[in-house]
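Please read the structure below before turning to the comments.
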Amino acid sequence: MRHERPLLGSERVESATCCPADVRDQRFTVGRRSQPTGQIPRRPRTRWLCLLIALWCSSPLSFGLEHHDTDFGRSGQFELHAKALRMQRVRLHLPDMKLVDYTGKEEPGKEEPDSPEWQVTLRQEPEDPSLRRLRLEQTTDVVRRRVEYVIGLEQEDSTSAALTPVIATETAVDIDSGVLLYRSQTIEWTIEDPLQETTNSVNLGRTALWVLDHLQQVYSTEILDVCTDYFGHHSDPRGSPYGFGSSVACINRRIEIDPQDIEAYTLNAWLLWSDWVTWKLHPNRISDGEGKAEEAVRLIKKGRAANPDSAAYHFDAALTLEPLAHHHRPELMPFVIRYYLYAEDLATETALRIRIRLNLGHRFRQEGKTEEAIRWYRAVLEIDPENRVAHRYLDKGSAINKLDNLGSKCAPYLVAPD
């Protein structure tokens, strides 16, 4: 595949370099062969070249795909609406890329009457000829503002293409220090074509795939959550149709953005070991599940390093791995119990402490460790004397009732260190 460098906003592509690859090939081959003697000479090759270019460019969509800097394949005024951005509405005139007007939600007094004009540039995304990146940029003495829209071209017929939103990002950077002042990103925006009286919204499937292929350009955890949910309800486009690889990739980016995101670690760990179980039970359904149970444990440890003082994290981590240990990997059960004990040591909220102690009681009861179960159920009653669950299990069966001499103080359950 031929790749050309991205064009700067000030560059213009001459028609001789805009023709498709097959036209370029003909341009360099027509007239090279020697003319057989006795035949009429061919017409000048430039005439044939012009004819081919004219035929190619007769389709606005085709023309837009080849001209990297100025053309959407459409003309007229278009309005871009994104309520989540400070620049809420933009009206552009195509194909001359003129910013007609815009509406923002700046703080009072921030917008200067003689503020610099916005520079508008457009380029084709190098990895996908059906995508364009529209950039509006304004630089003042103190701040550089930039709004970028990734826009898709959906062919409607042989002569026109619909403009569909993908993602929009807005940033402001301090000129002197280079510090990022703010950044907003949204997939909830529309493109209106007043002439055609149409309004196009985001195609979530296309946007999710763009996000998956450009994770380092995504900064919104809300967008990542939406894409994670989308991939959770659709076949994995980048891996096994029964796997969660795409969701895992989105959540890993979420962790990069916010290392204290407790749910991201535990959710990803659950998806990883679920892939491992699917691979173990149905190896023909998923080919990349081997080792993912261990990867889930490593991720839980990574989350603990980022959240060492969070009782909620340790409790959620234990809950996440407990089914894996109970049904498939019993050697992990000491690890699970250790995280419950970490949570018990860190917890300050009464409700959470009750849940932790009940779970420890249930865990030891299911493991056949009646003595330990009794200790933890009684530990629940120390902080919640009327707890019905603890009473029910303490009153259940003579095998438990005859252990009255154990006392009420819970004892630690010793497990191997990490």
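In the structure tokens, chains take the letters A, B, ... in the order shown, each chain's residues start at 1, and ligands count up from 1 in the order shown.
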
| task | Find the residues near range 199-210 of chain A: any atom within 8 Å, counting only C-alpha atoms, skip ones fewer than 4 places away on the same chain, and give them as a PyMOL selection string. | result | chain A and resi 163-167+187-193+214+227+230-231

Mind writing the picked residues with N, CA and C atoms as a compact mmCIF listing (two decimals), in the first residue's frame?
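So selection-v6.txt came out as:
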# COMPACT_ATOMS: atom_id res chain seq x y z
N LEU A 163 -21.51 12.76 5.46
CA LEU A 163 -20.51 13.00 6.49
C LEU A 163 -21.05 12.50 7.82
N THR A 164 -20.33 11.57 8.46
CA THR A 164 -20.80 10.97 9.70
C THR A 164 -19.80 11.26 10.83
N PRO A 165 -20.27 11.66 12.01
CA PRO A 165 -19.37 11.94 13.12
C PRO A 165 -18.72 10.65 13.65
N VAL A 166 -17.49 10.77 14.12
CA VAL A 166 -16.80 9.67 14.78
C VAL A 166 -16.42 10.07 16.21
N ILE A 167 -15.57 11.08 16.36
CA ILE A 167 -15.17 11.54 17.68
C ILE A 167 -14.70 12.99 17.56
N ILE A 187 -18.31 11.68 21.87
CA ILE A 187 -18.82 11.01 20.68
C ILE A 187 -20.29 11.36 20.49
N GLU A 188 -20.79 12.26 21.33
CA GLU A 188 -22.19 12.69 21.22
C GLU A 188 -22.22 14.02 20.49
N TRP A 189 -22.16 13.95 19.18
CA TRP A 189 -22.23 15.16 18.36
C TRP A 189 -22.83 14.80 17.01
N THR A 190 -23.24 15.83 16.28
CA THR A 190 -23.95 15.61 15.02
C THR A 190 -23.39 16.52 13.93
N ILE A 191 -23.67 16.15 12.70
CA ILE A 191 -23.35 16.97 11.53
C ILE A 191 -24.65 17.23 10.78
N GLU A 192 -24.96 18.49 10.62
CA GLU A 192 -26.19 18.88 9.93
C GLU A 192 -25.87 19.41 8.54
N ASP A 193 -26.66 18.98 7.59
CA ASP A 193 -26.58 19.49 6.21
C ASP A 193 -27.88 20.24 5.93
N HIS A 214 -7.19 3.43 17.99
CA HIS A 214 -6.52 4.68 18.35
C HIS A 214 -6.62 4.93 19.86
N CYS A 227 -17.60 2.07 24.69
CA CYS A 227 -17.03 1.12 23.73
C CYS A 227 -16.85 -0.26 24.37
N TYR A 230 -20.14 -1.82 24.24
CA TYR A 230 -20.47 -2.22 22.87
C TYR A 230 -19.80 -3.54 22.51
N PHE A 231 -18.49 -3.64 22.79
CA PHE A 231 -17.79 -4.88 22.45
C PHE A 231 -18.27 -6.05 23.30

| request: Enumerate, as a VMD selection string, the complete set of residues in range 138-184 of chain A that a backbone-based DSSP assignment places in strand (DSSP E or B). | output: chain A and resid 138 to 139 143 to 157 160 to 174 180 to 184

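Restricting the calculation to only C-alpha atoms, the smallest distance between Glu79 in chain A and any of A:Thr198, A:Gly152, A:Arg132, A:Arg304 is found for A:Thr198.
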
| query | Got a sec to tell me which of range 78-272 of chain A DSSP assigns to helix (DSSP H, G or I), as an NGL selection string? | reply | :A and (204-213 or 215-217 or 221-232 or 245-257 or 262-272)

| message | Quick one: residues within 8 Å of Ile175 in chain A, only C-alpha atoms, excluding same-chain residues fewer than 3 positions away - as a count of residues only? | response | 6

| field | Contacts of Pro323 in chain A within 12 Å, only C-alpha atoms, excl. fewer than 3 positions in-chain, as a count of residues only | value | 19

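Closest to Ala249 in chain A among A:Leu215, A:Gly232, A:Asp225, A:Pro194 is A:Leu215, based on only C-alpha atoms.
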